[in-house]
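S.K.: Just passing along the structure, written as structure tokens.
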Amino acid sequence: MNRTQYLGRQTGRNYGIDALRIVAMIMIPMLHIMGHGGILSSVKLFSANYDVVWLLKTAACCAVNCYGLVSGYVGYGRKFKYSNILYLCLQVAFYSLIITGMFAVFVPGSVGIKTIFKAAFPFASSVYWYFTAYFCMFFFIPFFNFLLEKLDKVWLDRLMITILFIFSIIPTLFQTDMTKANNGFSPIWLALLYLIGGYIKKYNIADKIKQWQSIVGYLICVFAGWLIELGITFVLGAPENRSYFLEYTSPAVLMCAVFLLLFFAKLKVNKFWVKVIKFYAPLSFSVYLIHDEFLVRNYFITDKFTSYASFNPVLMFLSIIVTAIVIWFECSLIDKIRLMLFKWLKIKELCVWIEKFIAKKIRHLRKT
């Protein structure tokens, strides 16, 4: 094996997976620019811009699923730590409170009692839907890992097929939320993604598929999902504030994420890119926390990009991508300051100490 290849695996870390986190976090602002930003609602139906923006949405729609799959891929086989969720809660609360405080000072009237309450308890108030869903799912991870470890391949194969049919294929075909998975905006869907990611990790699926096959699979799913969405819209008309075939739970979106995970899981990374990935990967989740905080979204993103819809298709395409990269880059630099502060305050060590302290107290109670 070349020393510049799979360098992350040699050090016990898969930097390809970290690279996927970065790519997925660039996709998420793209989705928000097109959705919250007003582009999707502003382009003329079936114009060239309409086709292009929906193609871009289809390509990026798998980003949230990528994060869900990665949680299972990384979490399976790794020691479960409650300190991780405590650290994440502090990270979320940090931005929620800081941003709310800044708006209270610089935008009078934008912050009320309810806003302050939400900022103080973001895990319980759905300030960030993904974080709330992940928070609820997190405490079941030991049980998911036990399930993945103890079931043999026959039963896990059946489980994967059941997940695909009950939570993806049937709801998409019949346009129903019969499973109450809320089209993927729920702890249920994140839990299922965790199981799928853990399954891929357990059986080394990535090593059984060539990288070019993963990319071709991703592209096929993108274009299939795009064409089906356009075809259904042509027949039934454009739905309001949603899509027919491009929800997080749809087969095409799910398989896009699976193929990207398979590709990045065996990505060859040289020394230069390892340095880049090591710098930006720890900052990725905060890009979401900063730019999609509801006050930031309402004042700086909602309907702020409708002008892009009037650009020519190529310029609109490039503008969306460049804007997303700028948001990702600026938020990453902001989070670097937060990361340095947390390291200086030894927040991670504090979370570990709290976990050990509580565990010690629980052991003491059991003995008594």
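Ligands are numbered from 1 in the order shown, residues from 1 within each chain, and chains are lettered A, B, ... in the order they appear in the structure tokens.
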Show me, as a list in words, the residues that have an atom within 7 Å of segment 161-170 of chain A when counting only C-alpha atoms, minus same-chain residues fewer than 2 positions from it.

M.R.: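 Within the cut-off, the hits are Asp157, Arg158, Leu159, Thr172, Leu173, Phe174, Thr179, Thr249, Ser250 and Pro251 of chain A.
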
S.K.: Write out as a list in words each polymer residue whose atoms come within 10 Å of Arg21 of chain A, counting only C-alpha atoms; drop sequence neighbours fewer than 6 positions from it.

M.R.: Tyr15, Met27, Ala63, Val64, Cys66, Tyr67, Val70, Leu261, Phe264, Ile277, Tyr280, Ala281, Pro282, Leu283, Ser284 and Phe285 of chain A

S.K.: Mind dumping the selected residues with C-alpha atoms as an mmCIF file, in the first residue's frame?

M.R.:
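Saved as selection03.cif:
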```cif
data_model
loop_
_atom_site.group_PDB
_atom_site.id
_atom_site.type_symbol
_atom_site.label_atom_id
_atom_site.label_comp_id
_atom_site.auth_asym_id
_atom_site.auth_seq_id
_atom_site.Cartn_x
_atom_site.Cartn_y
_atom_site.Cartn_z
ATOM 1 C CA TYR A 15 -10.050 10.557 6.577
ATOM 2 C CA MET A 27 -24.333 20.446 0.288
ATOM 3 C CA ALA A 63 -26.420 15.327 2.590
ATOM 4 C CA VAL A 64 -28.446 14.764 5.768
ATOM 5 C CA CYS A 66 -24.862 11.017 4.651
ATOM 6 C CA TYR A 67 -24.486 12.307 8.204
ATOM 7 C CA VAL A 70 -21.709 8.160 8.936
ATOM 8 C CA LEU A 261 -20.485 6.620 1.818
ATOM 9 C CA PHE A 264 -15.520 8.068 0.564
ATOM 10 C CA ILE A 277 -9.334 17.427 6.251
ATOM 11 C CA TYR A 280 -11.931 21.418 8.555
ATOM 12 C CA ALA A 281 -13.648 18.160 9.536
ATOM 13 C CA PRO A 282 -13.984 19.008 13.281
ATOM 14 C CA LEU A 283 -15.589 22.303 12.285
ATOM 15 C CA SER A 284 -18.176 20.893 9.893
ATOM 16 C CA PHE A 285 -21.164 20.428 12.181
#
```

S.K.: Please list as an MDAnalysis selection string every residue within 12 Å of Phe131 of chain A, counting only C-alpha atoms and excluding residues in the same chain fewer than 5 positions away.

M.R.: chainID A and resid 64 67:68 85 88:93 96 121:126 136:138 185:187 190 285:286 288:289 292:293

S.K.: I'd like the contact shell of segment 235-241 of chain A - 10 Å cut-off, only C-alpha atoms, skipping same-chain residues fewer than 2 positions apart - returned as a tab-separated table (two decimals) with C-alpha atoms, in the first residue's frame.

M.R.:
```tsv
chain	number	residue	atom	x	y	z
A	35	GLY	CA	-35.07	26.25	-0.39
A	40	LEU	CA	-36.93	26.92	-5.84
A	41	SER	CA	-40.11	28.95	-5.43
A	45	LEU	CA	-41.89	25.90	-13.90
A	46	PHE	CA	-39.99	23.73	-16.42
A	229	GLU	CA	-39.41	14.16	-9.99
A	230	LEU	CA	-39.71	16.24	-13.16
A	231	GLY	CA	-41.93	13.61	-14.78
A	232	ILE	CA	-44.34	13.41	-11.87
A	233	THR	CA	-44.43	17.21	-11.59
A	243	SER	CA	-41.32	17.30	-3.62
A	244	TYR	CA	-42.80	14.04	-4.81
```

S.K.: In segment 189-264 of chain A, what's helix (DSSP H, G or I) per DSSP? Answer as a PyMOL selection string?

M.R.: chain A and resi 189-202+205-208+211-236+251-264

S.K.: Residues at most 12 Å from segment 209-216 of chain A, counting only C-alpha atoms, excluding those fewer than 5 positions away in the same chain, as a ChimeraX atom specification?

M.R.: /A:59,200,203-204,221-224,255-268

S.K.: Please provide the set of residues having any atom within 8 Å of segment 76-78 of chain A, restricted to only C-alpha atoms, with same-chain residues fewer than 5 positions apart removed, written as a PyMOL selection string.

M.R.: chain A and resi 145+148+198+201-202

S.K.: Nearest to Lys79 of chain A: which of A:Gly37, A:Pro142, A:Gly197, A:Gly112 is it, counting only C-alpha atoms?

M.R.: A:Pro142

S.K.: Using atom CA of Thr306 of chain A and atom CA of Met30 of chain A as the two end points, give the distance in Å to one decimal.

M.R.: 13.5 Å

S.K.: What is the distance between atom CA of Lys278 of chain A and atom CA of Ser319 of chain A, in Å to one decimal?

M.R.: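 Atom CA of Ser319 of chain A lies at a distance of 27.3 Å from atom CA of Lys278 of chain A.
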
S.K.: Looking at A:Val326, A:Ile141, A:Ile33, A:Ala133, which one is nearest to Lys81 of chain A, with distances taken over only C-alpha atoms?

M.R.: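 Among the listed residues, the smallest separation from Lys81 of chain A belongs to A:Ile141.
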
S.K.: Between atom CA of Trp54 of chain A and atom CA of Ile28 of chain A, what distance in Å does the model show, to one decimal?

M.R.: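 Straight-line distance from atom CA of Trp54 of chain A to atom CA of Ile28 of chain A works out to 14.5 Å.
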